[in-house]
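Source file protein20.cif; content: mmCIF, C-alpha atoms.
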data_coords
loop_
_atom_site.group_PDB
_atom_site.id
_atom_site.type_symbol
_atom_site.label_atom_id
_atom_site.label_comp_id
_atom_site.auth_asym_id
_atom_site.auth_seq_id
_atom_site.Cartn_x
_atom_site.Cartn_y
_atom_site.Cartn_z
ATOM 1 C CA MET C 1 0.000 0.000 0.000
ATOM 2 C CA THR C 2 1.342 3.397 -0.986
ATOM 3 C CA THR C 3 1.450 5.856 1.893
ATOM 4 C CA PRO C 4 0.974 9.646 1.534
ATOM 5 C CA ILE C 5 4.643 10.115 2.360
ATOM 6 C CA SER C 6 5.754 7.796 -0.443
ATOM 7 C CA LEU C 7 3.347 9.522 -2.834
ATOM 8 C CA LYS C 8 4.861 12.859 -1.925
ATOM 9 C CA LEU C 9 8.365 11.509 -2.502
ATOM 10 C CA GLN C 10 7.405 9.989 -5.868
ATOM 11 C CA THR C 11 5.884 13.245 -7.110
ATOM 12 C CA SER C 12 8.741 15.390 -5.819
ATOM 13 C CA VAL C 13 11.575 13.423 -7.445
ATOM 14 C CA PRO C 14 10.848 14.462 -11.078
ATOM 15 C CA SER C 15 10.353 18.102 -10.122
ATOM 16 C CA SER C 16 13.554 18.002 -8.054
ATOM 17 C CA GLY C 17 15.454 16.553 -11.018
ATOM 18 C CA PHE C 18 14.017 19.229 -13.292
ATOM 19 C CA ARG C 19 15.016 22.008 -10.883
ATOM 20 C CA GLU C 20 18.492 20.504 -10.597
ATOM 21 C CA ALA C 21 18.891 20.473 -14.397
ATOM 22 C CA ILE C 22 17.672 24.086 -14.629
ATOM 23 C CA GLY C 23 20.130 25.062 -11.894
ATOM 24 C CA LEU C 24 23.018 23.404 -13.721
ATOM 25 C CA LEU C 25 21.970 25.111 -16.940
ATOM 26 C CA TRP C 26 21.793 28.508 -15.250
ATOM 27 C CA ARG C 27 25.308 28.084 -13.845
ATOM 28 C CA ASP C 28 26.642 27.566 -17.377
ATOM 29 C CA LYS C 29 26.002 30.985 -18.894
ATOM 30 C CA VAL C 30 27.110 29.954 -22.380
ATOM 31 C CA ALA C 31 24.718 26.997 -22.384
ATOM 32 C CA THR C 32 21.954 29.251 -21.030
ATOM 33 C CA LEU C 33 22.395 31.730 -23.882
ATOM 34 C CA SER C 34 22.439 28.813 -26.341
ATOM 35 C CA ALA C 35 19.195 27.432 -24.908
ATOM 36 C CA ILE C 36 17.533 30.874 -25.082
ATOM 37 C CA LEU C 37 18.599 31.270 -28.717
ATOM 38 C CA LEU C 38 17.251 27.820 -29.611
ATOM 39 C CA LEU C 39 13.948 28.611 -27.866
ATOM 40 C CA ILE C 40 13.662 31.775 -29.971
ATOM 41 C CA VAL C 41 14.345 29.739 -33.110
ATOM 42 C CA LEU C 42 11.742 27.186 -32.002
ATOM 43 C CA ALA C 43 9.186 29.988 -31.601
ATOM 44 C CA CYS C 44 10.030 31.184 -35.128
ATOM 45 C CA VAL C 45 9.596 27.635 -36.445
ATOM 46 C CA LEU C 46 6.192 27.230 -34.809
ATOM 47 C CA PHE C 47 4.676 30.666 -35.333
ATOM 48 C CA GLY C 48 6.804 32.413 -37.991
ATOM 49 C CA PRO C 49 5.104 31.065 -41.151
ATOM 50 C CA TRP C 50 1.674 31.567 -39.597
ATOM 51 C CA LEU C 51 2.343 35.225 -38.734
ATOM 52 C CA LEU C 52 4.748 36.403 -41.439
ATOM 53 C CA ALA C 53 4.199 34.224 -44.530
ATOM 54 C CA ASP C 54 2.437 37.031 -46.424
ATOM 55 C CA LYS C 55 5.111 39.582 -45.530
ATOM 56 C CA ALA C 56 7.864 37.183 -46.607
ATOM 57 C CA ARG C 57 6.236 36.773 -50.045
ATOM 58 C CA ALA C 58 5.202 40.410 -50.557
ATOM 59 C CA VAL C 59 7.089 41.922 -53.513
ATOM 60 C CA ASN C 60 7.962 45.622 -53.346
ATOM 61 C CA LEU C 61 10.193 46.711 -56.192
ATOM 62 C CA MET C 62 10.490 50.181 -54.668
ATOM 63 C CA ALA C 63 12.441 48.578 -51.790
ATOM 64 C CA ARG C 64 14.652 46.453 -54.049
ATOM 65 C CA ASN C 65 17.966 45.620 -52.276
ATOM 66 C CA ALA C 66 17.119 48.090 -49.504
ATOM 67 C CA PRO C 67 20.061 48.374 -47.078
ATOM 68 C CA PRO C 68 19.783 47.177 -43.471
ATOM 69 C CA PHE C 69 19.538 49.161 -40.222
ATOM 70 C CA SER C 70 16.785 51.444 -41.475
ATOM 71 C CA ILE C 71 13.147 51.547 -40.363
ATOM 72 C CA ASP C 72 11.943 54.045 -42.974
ATOM 73 C CA LYS C 73 9.969 51.245 -44.642
ATOM 74 C CA GLY C 74 8.972 49.612 -41.360
ATOM 75 C CA TRP C 75 10.700 47.469 -38.754
ATOM 76 C CA MET C 76 10.321 44.374 -40.944
ATOM 77 C CA PHE C 77 12.978 45.899 -43.239
ATOM 78 C CA PHE C 78 15.500 46.446 -40.440
ATOM 79 C CA LEU C 79 17.756 43.746 -41.936
ATOM 80 C CA GLY C 80 17.173 45.033 -45.475
ATOM 81 C CA ALA C 81 15.341 43.631 -48.477
ATOM 82 C CA ASP C 82 16.204 41.198 -51.267
ATOM 83 C CA ALA C 83 16.293 41.686 -55.037
ATOM 84 C CA LEU C 84 12.474 41.646 -55.207
ATOM 85 C CA GLY C 85 11.985 43.993 -52.272
ATOM 86 C CA ARG C 86 10.936 41.240 -49.853
ATOM 87 C CA SER C 87 11.722 41.666 -46.161
ATOM 88 C CA LEU C 88 14.849 39.724 -45.201
ATOM 89 C CA LEU C 89 13.796 39.528 -41.559
ATOM 90 C CA ALA C 90 10.433 37.999 -42.474
ATOM 91 C CA ARG C 91 12.045 35.564 -44.905
ATOM 92 C CA ILE C 92 14.656 34.441 -42.357
ATOM 93 C CA ILE C 93 11.951 33.799 -39.762
ATOM 94 C CA VAL C 94 9.757 31.905 -42.237
ATOM 95 C CA ALA C 95 12.728 29.954 -43.648
ATOM 96 C CA SER C 96 13.628 28.737 -40.156
ATOM 97 C CA GLN C 97 10.760 26.239 -40.321
ATOM 98 C CA ASN C 98 11.997 24.426 -43.429
ATOM 99 C CA THR C 99 15.619 24.557 -42.273
ATOM 100 C CA MET C 100 14.987 23.147 -38.807
ATOM 101 C CA VAL C 101 12.292 20.663 -39.856
ATOM 102 C CA ILE C 102 14.567 19.162 -42.509
ATOM 103 C CA ALA C 103 17.507 18.905 -40.100
ATOM 104 C CA ALA C 104 15.466 17.549 -37.175
ATOM 105 C CA SER C 105 13.511 15.074 -39.331
ATOM 106 C CA ALA C 106 16.652 13.700 -40.988
ATOM 107 C CA VAL C 107 18.433 13.291 -37.643
ATOM 108 C CA CYS C 108 15.411 11.692 -35.926
ATOM 109 C CA LEU C 109 14.990 9.216 -38.787
ATOM 110 C CA SER C 110 18.667 8.297 -38.817
ATOM 111 C CA MET C 111 18.695 8.100 -35.003
ATOM 112 C CA VAL C 112 15.794 5.622 -34.907
ATOM 113 C CA ILE C 113 17.076 3.407 -37.739
ATOM 114 C CA GLY C 114 20.740 3.598 -36.780
ATOM 115 C CA GLY C 115 19.928 3.168 -33.089
ATOM 116 C CA LEU C 116 17.875 0.005 -33.691
ATOM 117 C CA PHE C 117 20.535 -1.476 -35.955
ATOM 118 C CA GLY C 118 23.200 -0.549 -33.394
ATOM 119 C CA LEU C 119 21.287 -2.279 -30.586
ATOM 120 C CA ILE C 120 20.943 -5.436 -32.666
ATOM 121 C CA ALA C 121 24.559 -5.387 -33.866
ATOM 122 C CA GLY C 122 25.959 -4.835 -30.388
ATOM 123 C CA TYR C 123 23.787 -7.407 -28.636
ATOM 124 C CA LYS C 124 23.757 -10.180 -31.236
ATOM 125 C CA GLY C 125 27.331 -9.937 -32.483
ATOM 126 C CA GLY C 126 28.579 -12.543 -34.946
ATOM 127 C CA TRP C 127 27.566 -12.392 -38.589
ATOM 128 C CA VAL C 128 24.669 -10.015 -37.837
ATOM 129 C CA SER C 129 27.052 -7.406 -36.450
ATOM 130 C CA ALA C 130 29.520 -7.961 -39.292
ATOM 131 C CA LEU C 131 26.799 -7.541 -41.934
ATOM 132 C CA LEU C 132 25.462 -4.313 -40.406
ATOM 133 C CA LEU C 133 28.972 -2.908 -40.022
ATOM 134 C CA ARG C 134 29.793 -3.632 -43.644
ATOM 135 C CA LEU C 135 26.571 -1.865 -44.646
ATOM 136 C CA ALA C 136 27.606 1.123 -42.536
ATOM 137 C CA ASP C 137 31.070 1.082 -44.129
ATOM 138 C CA ALA C 138 29.511 1.076 -47.600
ATOM 139 C CA ILE C 139 27.453 4.180 -46.768
ATOM 140 C CA MET C 140 30.377 5.952 -45.069
ATOM 141 C CA SER C 141 32.640 5.294 -48.045
ATOM 142 C CA PHE C 142 30.769 8.089 -49.834
ATOM 143 C CA PRO C 143 31.120 11.594 -48.350
ATOM 144 C CA SER C 144 27.759 12.895 -47.135
ATOM 145 C CA MET C 145 27.719 15.815 -49.554
ATOM 146 C CA LEU C 146 28.752 13.694 -52.538
ATOM 147 C CA LEU C 147 26.122 11.043 -51.788
ATOM 148 C CA ALA C 148 23.434 13.710 -51.484
ATOM 149 C CA VAL C 149 24.522 15.402 -54.721
ATOM 150 C CA ILE C 150 24.379 12.136 -56.677
ATOM 151 C CA VAL C 151 20.974 11.054 -55.358
ATOM 152 C CA LEU C 152 19.343 14.486 -55.661
ATOM 153 C CA PHE C 153 20.742 14.912 -59.161
ATOM 154 C CA VAL C 154 18.978 11.697 -60.214
ATOM 155 C CA PHE C 155 15.741 12.258 -58.289
ATOM 156 C CA ASP C 156 13.586 15.304 -57.689
ATOM 157 C CA PRO C 157 15.246 17.611 -55.097
ATOM 158 C CA GLY C 158 12.140 18.045 -52.952
ATOM 159 C CA VAL C 159 11.810 18.262 -49.178
ATOM 160 C CA THR C 160 11.093 14.526 -48.751
ATOM 161 C CA ASN C 161 14.054 13.426 -50.867
ATOM 162 C CA VAL C 162 16.408 15.829 -49.091
ATOM 163 C CA ILE C 163 15.341 14.469 -45.689
ATOM 164 C CA PHE C 164 15.659 10.873 -46.910
ATOM 165 C CA VAL C 165 19.150 11.352 -48.362
ATOM 166 C CA LEU C 166 20.484 13.227 -45.339
ATOM 167 C CA ALA C 167 19.026 10.585 -42.999
ATOM 168 C CA ILE C 168 20.707 7.728 -44.886
ATOM 169 C CA SER C 169 24.078 9.480 -44.779
ATOM 170 C CA ARG C 170 23.946 9.795 -40.957
ATOM 171 C CA ILE C 171 22.703 6.276 -40.104
ATOM 172 C CA PRO C 172 26.251 4.797 -39.789
ATOM 173 C CA ILE C 173 27.190 7.388 -37.147
ATOM 174 C CA PHE C 174 24.373 6.302 -34.835
ATOM 175 C CA LEU C 175 24.818 2.615 -35.676
ATOM 176 C CA ARG C 176 28.493 2.557 -34.734
ATOM 177 C CA THR C 177 28.034 4.715 -31.618
ATOM 178 C CA VAL C 178 25.158 2.646 -30.230
ATOM 179 C CA ARG C 179 26.897 -0.641 -31.048
ATOM 180 C CA ALA C 180 30.011 0.446 -29.133
ATOM 181 C CA GLU C 181 27.879 1.366 -26.104
ATOM 182 C CA VAL C 182 25.911 -1.895 -26.204
ATOM 183 C CA LEU C 183 29.069 -4.026 -26.366
ATOM 184 C CA GLU C 184 30.005 -2.706 -22.927
ATOM 185 C CA ILE C 185 26.525 -2.492 -21.367
ATOM 186 C CA LYS C 186 25.454 -6.053 -22.267
ATOM 187 C CA GLU C 187 28.197 -7.457 -20.015
ATOM 188 C CA ARG C 188 26.871 -5.697 -16.917
ATOM 189 C CA MET C 189 25.231 -7.574 -14.083
ATOM 190 C CA PHE C 190 21.672 -6.285 -14.574
ATOM 191 C CA VAL C 191 21.629 -7.496 -18.197
ATOM 192 C CA THR C 192 22.997 -10.882 -17.155
ATOM 193 C CA ALA C 193 20.334 -11.092 -14.438
ATOM 194 C CA ALA C 194 17.549 -10.227 -16.882
ATOM 195 C CA ARG C 195 18.807 -12.851 -19.306
ATOM 196 C CA ALA C 196 18.999 -15.456 -16.525
ATOM 197 C CA MET C 197 15.395 -14.721 -15.522
ATOM 198 C CA GLY C 198 14.247 -15.542 -19.056
ATOM 199 C CA ALA C 199 13.581 -12.034 -20.352
ATOM 200 C CA ARG C 200 13.050 -11.827 -24.100
ATOM 201 C CA THR C 201 15.682 -10.218 -26.293
ATOM 202 C CA ASP C 202 13.434 -7.325 -27.324
ATOM 203 C CA ARG C 203 12.626 -6.577 -23.668
ATOM 204 C CA ILE C 204 16.309 -6.589 -22.711
ATOM 205 C CA LEU C 205 17.170 -4.268 -25.576
ATOM 206 C CA LEU C 206 14.298 -1.800 -25.170
ATOM 207 C CA ARG C 207 13.758 -1.823 -21.395
ATOM 208 C CA HIS C 208 17.274 -2.369 -20.025
ATOM 209 C CA ILE C 209 19.920 -1.391 -22.589
ATOM 210 C CA ALA C 210 18.255 1.378 -24.640
ATOM 211 C CA PRO C 211 17.713 3.745 -21.647
ATOM 212 C CA MET C 212 21.422 3.468 -20.819
ATOM 213 C CA VAL C 213 22.382 4.402 -24.390
ATOM 214 C CA LEU C 214 19.819 7.206 -24.763
ATOM 215 C CA PRO C 215 21.890 10.049 -23.175
ATOM 216 C CA THR C 216 24.776 9.418 -25.566
ATOM 217 C CA VAL C 217 22.394 9.275 -28.535
ATOM 218 C CA ILE C 218 20.731 12.555 -27.535
ATOM 219 C CA ASN C 219 24.099 14.314 -27.270
ATOM 220 C CA LEU C 220 25.107 12.948 -30.661
ATOM 221 C CA ALA C 221 21.782 14.006 -32.184
ATOM 222 C CA ALA C 222 22.327 17.621 -31.102
ATOM 223 C CA LEU C 223 25.658 17.652 -32.919
ATOM 224 C CA GLU C 224 24.231 15.905 -35.960
ATOM 225 C CA ILE C 225 21.416 18.464 -36.327
ATOM 226 C CA ALA C 226 24.074 21.168 -36.649
ATOM 227 C CA PHE C 227 25.991 19.107 -39.226
ATOM 228 C CA VAL C 228 22.868 18.301 -41.259
ATOM 229 C CA MET C 229 21.938 21.994 -41.279
ATOM 230 C CA LEU C 230 25.297 22.783 -42.859
ATOM 231 C CA VAL C 231 24.943 19.993 -45.446
ATOM 232 C CA GLU C 232 21.416 21.114 -46.368
ATOM 233 C CA SER C 233 22.648 24.687 -46.704
ATOM 234 C CA GLY C 234 25.426 23.491 -48.996
ATOM 235 C CA LEU C 235 22.957 21.549 -51.157
ATOM 236 C CA SER C 236 20.669 24.575 -51.436
ATOM 237 C CA PHE C 237 23.687 26.726 -52.275
ATOM 238 C CA LEU C 238 24.562 24.336 -55.114
ATOM 239 C CA GLY C 239 20.983 24.513 -56.402
ATOM 240 C CA ILE C 240 20.032 20.877 -55.809
ATOM 241 C CA GLY C 241 18.427 21.279 -52.387
ATOM 242 C CA ILE C 242 15.091 22.900 -51.625
ATOM 243 C CA GLN C 243 13.619 24.638 -54.660
ATOM 244 C CA PRO C 244 11.552 27.869 -54.822
ATOM 245 C CA PRO C 245 8.920 28.835 -53.817
ATOM 246 C CA GLU C 246 10.071 26.984 -50.673
ATOM 247 C CA VAL C 247 12.843 28.793 -48.841
ATOM 248 C CA THR C 248 15.623 27.795 -46.460
ATOM 249 C CA TRP C 249 18.551 29.704 -45.033
ATOM 250 C CA GLY C 250 20.924 27.934 -47.421
ATOM 251 C CA LEU C 251 18.781 28.870 -50.408
ATOM 252 C CA MET C 252 18.766 32.494 -49.248
ATOM 253 C CA VAL C 253 22.580 32.450 -49.130
ATOM 254 C CA ALA C 254 22.626 30.987 -52.642
ATOM 255 C CA ASP C 255 20.271 33.694 -53.922
ATOM 256 C CA GLY C 256 22.451 36.407 -52.427
ATOM 257 C CA ARG C 257 25.793 35.233 -53.796
ATOM 258 C CA ASN C 258 25.308 37.208 -57.034
ATOM 259 C CA TYR C 259 24.899 40.424 -55.045
ATOM 260 C CA LEU C 260 27.854 40.144 -52.674
ATOM 261 C CA GLY C 261 29.509 43.181 -54.214
ATOM 262 C CA SER C 262 26.466 45.448 -54.121
ATOM 263 C CA ALA C 263 24.144 43.990 -51.449
ATOM 264 C CA TRP C 264 26.198 41.901 -49.031
ATOM 265 C CA TRP C 265 23.319 41.627 -46.551
ATOM 266 C CA LEU C 266 21.351 39.267 -48.797
ATOM 267 C CA ALA C 267 23.730 36.397 -48.028
ATOM 268 C CA PHE C 268 25.152 37.696 -44.756
ATOM 269 C CA TRP C 269 22.093 37.531 -42.479
ATOM 270 C CA PRO C 270 20.996 33.982 -43.434
ATOM 271 C CA GLY C 271 24.619 32.909 -42.996
ATOM 272 C CA VAL C 272 24.673 34.473 -39.525
ATOM 273 C CA ALA C 273 21.481 32.568 -38.644
ATOM 274 C CA ILE C 274 23.084 29.272 -39.735
ATOM 275 C CA MET C 275 26.256 30.049 -37.770
ATOM 276 C CA LEU C 276 24.457 31.042 -34.550
ATOM 277 C CA VAL C 277 22.125 28.022 -34.494
ATOM 278 C CA THR C 278 24.974 25.636 -35.305
ATOM 279 C CA MET C 279 27.129 27.133 -32.558
ATOM 280 C CA ALA C 280 24.239 27.031 -30.055
ATOM 281 C CA LEU C 281 23.573 23.351 -30.784
ATOM 282 C CA ASN C 282 27.237 22.464 -30.316
ATOM 283 C CA LEU C 283 27.519 24.384 -27.032
ATOM 284 C CA LEU C 284 24.264 22.957 -25.685
ATOM 285 C CA SER C 285 25.303 19.411 -26.610
ATOM 286 C CA ASN C 286 28.445 19.895 -24.518
ATOM 287 C CA TRP C 287 26.240 20.872 -21.538
ATOM 288 C CA LEU C 288 24.009 17.845 -22.170
ATOM 289 C CA ARG C 289 27.067 15.595 -22.092
ATOM 290 C CA VAL C 290 27.995 16.913 -18.648
ATOM 291 C CA VAL C 291 24.450 16.682 -17.254
ATOM 292 C CA THR C 292 23.738 13.160 -18.534
ATOM 293 C CA ASP C 293 27.078 11.798 -17.307
ATOM 294 C CA PRO C 294 26.730 11.025 -13.551
ATOM 295 C CA VAL C 295 30.483 11.401 -12.938
ATOM 296 C CA GLU C 296 30.768 14.764 -14.703
ATOM 297 C CA ARG C 297 27.565 16.029 -13.060
ATOM 298 C CA TRP C 298 28.828 15.016 -9.604
ATOM 299 C CA ARG C 299 32.105 16.855 -10.198
ATOM 300 C CA LEU C 300 30.254 19.958 -11.369
ATOM 301 C CA GLN C 301 27.943 19.925 -8.345
ATOM 302 C CA THR C 302 30.899 19.426 -6.013
ATOM 303 C CA THR C 303 32.809 22.312 -7.571
ATOM 304 C CA VAL C 304 29.817 24.618 -7.401
ATOM 305 C CA GLY C 305 29.113 23.599 -3.804
ATOM 306 C CA ARG C 306 32.698 24.491 -2.826
ATOM 307 C CA HIS C 307 32.403 27.950 -4.396
ATOM 308 C CA ASP C 308 29.038 28.519 -2.698
#
Rewrite the coordinates I just gave you, this time as structure tokens.
Amino acid sequence: MTTPISLKLQTSVPSSGFREAIGLLWRDKVATLSAILLLIVLACVLFGPWLLADKARAVNLMARNAPPFSIDKGWMFFLGADALGRSLLARIIVASQNTMVIAASAVCLSMVIGGLFGLIAGYKGGWVSALLLRLADAIMSFPSMLLAVIVLFVFDPGVTNVIFVLAISRIPIFLRTVRAEVLEIKERMFVTAARAMGARTDRILLRHIAPMVLPTVINLAALEIAFVMLVESGLSFLGIGIQPPEVTWGLMVADGRNYLGSAWWLAFWPGVAIMLVTMALNLLSNWLRVVTDPVERWRLQTTVGRHD
């Protein structure tokens, strides 16, 4: 029978863990600024196209290549205008949705597929592991950008194909990382005990091993989102990524390359957005590595406690 005291303890543990994570985040000012920036980008992804889609598409030839840092034409033109007089600020906010959705979708797909294959390869071993590793080697033998260029040159460079190609190119990273973790975890006592009690293989993998691997996979996913963003931007810059009327930050950089001498801001501001989000993801992933590692977190708490 569950007593009121035990109920209180059970409900207070998650909130205590959440407050502890927030406290650790607040102590790391760089990670805090990164998290705030990513929350702003998330708000742009969710609400930007709904609020500013019309302004991002509105053509105003009188404001063609309008320079930045002027509010004569309204605050939406503070970052300037493109060759058709469209607000760069509105287009950057609207383009954030396609850019982040493509990166997040590709990484999530590769994380699920690569993670499952990594669990199987690490736990089963033998010819199953060898076969999956050779498949990963075959994919990794092609550089990510080259593989994407070849596939998108043959097929239609739409959103779905871009996500699919980028996901395939990142599967080996998750497969190899998860397999290496599983090779060590499956020899621990709790896995041996579960196996001795007759637990099924799928239960051992999903209920016992996968939660132990999840922190590492999440940290890796944060880094991979930044990498996939850069690859997608490169594909759009080459003209084989997302096609108009869809817009991404990489496509905006590609559109502005012909005006670098006369209107540098057309390519500069989307490039700054790519750089800031990529940097924020890398810095936040470093904080996640510390928080999800019990040893590192204990050292951080001890150090902070001494200073306090």
(request) Using the chain letters and numbers from the file, give me the residues hit by the PyMOL selection byres ((chain C and resi 254-269) around 10), as a VMD selection string. (result) chain C and resid 65 to 68 79 to 83 88 to 89 92 233 to 239 248 to 253 270 to 275
Produce the centre coordinates and the three edge lengths, each in Å to one decimal, of the box along x, y and z that contains all listed atoms of segment 254-270 of chain C with 3 Å added on each side, as lines of an AutoDock Vina configuration file.
center_x = 24.9
center_y = 38.2
center_z = -49.8
size_x = 15.2
size_y = 20.5
size_z = 20.6
(message) Counting only C-alpha atoms, which residue out of C:Phe190, C:Phe142, C:Phe117, C:Tyr123 sits closest to Ile171 of chain C?
(response) C:Phe117
(request) Let me know the residues the PyMOL selection byres ((chain C and resi 125-134) around 12) catches in the file above, as an MDAnalysis selection string. (result) chainID C and resid 113:124 135:141 171:180 182:183 186
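Between Val107 of chain C and the residues C:Arg170, C:Arg57, C:Arg207, C:Lys29, the shortest atom-to-atom distance, using all atoms listed in the file, involves C:Arg170.
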(message) I want to know what sits within 9 Å of Glu232 of chain C, based on all atoms listed in the file, with residues of the same chain fewer than 6 positions away left out; could you give that as a PyMOL selection string?
(response) chain C and resi 99+102-103+145+162+166+241-242+248+250
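Here the question is which of C:Ile209, C:Val277, C:Leu52, C:Val41 gets nearest to Gln97 of chain C using all atoms listed in the file, and that residue is C:Val41.
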(message) Just to confirm, what's the straight-line distance from atom CA of Ile22 of chain C to atom CA of Leu214 of chain C in Å (one decimal)?
(response) 19.8 Å
What residues come out when you apply the PyMOL selection byres ((chain C and resi 246) around 10) to this file, written as a short mmCIF file (atom, residue, chain, number, x, y, z; two decimals) with C-alpha atoms, in the frame of the given file?
data_model
loop_
_atom_site.label_atom_id
_atom_site.label_comp_id
_atom_site.auth_asym_id
_atom_site.auth_seq_id
_atom_site.Cartn_x
_atom_site.Cartn_y
_atom_site.Cartn_z
CA VAL C 94 9.76 31.90 -42.24
CA ALA C 95 12.73 29.95 -43.65
CA ASN C 98 12.00 24.43 -43.43
CA GLY C 158 12.14 18.05 -52.95
CA VAL C 159 11.81 18.26 -49.18
CA ILE C 242 15.09 22.90 -51.62
CA GLN C 243 13.62 24.64 -54.66
CA PRO C 244 11.55 27.87 -54.82
CA PRO C 245 8.92 28.84 -53.82
CA VAL C 247 12.84 28.79 -48.84
CA THR C 248 15.62 27.80 -46.46
CA LEU C 251 18.78 28.87 -50.41
#
(message) Let me make sure I understand: among C:Ile240, C:Val213, C:Val228, C:Cys108, which one has the smallest atom-to-atom distance to Asn161 of chain C if we use all atoms listed in the file?
(response) C:Ile240
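Note that atom CA of Ile163 of chain C and atom CA of Val101 of chain C are 9.0 Å apart.
Between atom CA of Trp75 of chain C and atom CA of Asp54 of chain C the interatomic distance comes to 15.4 Å.
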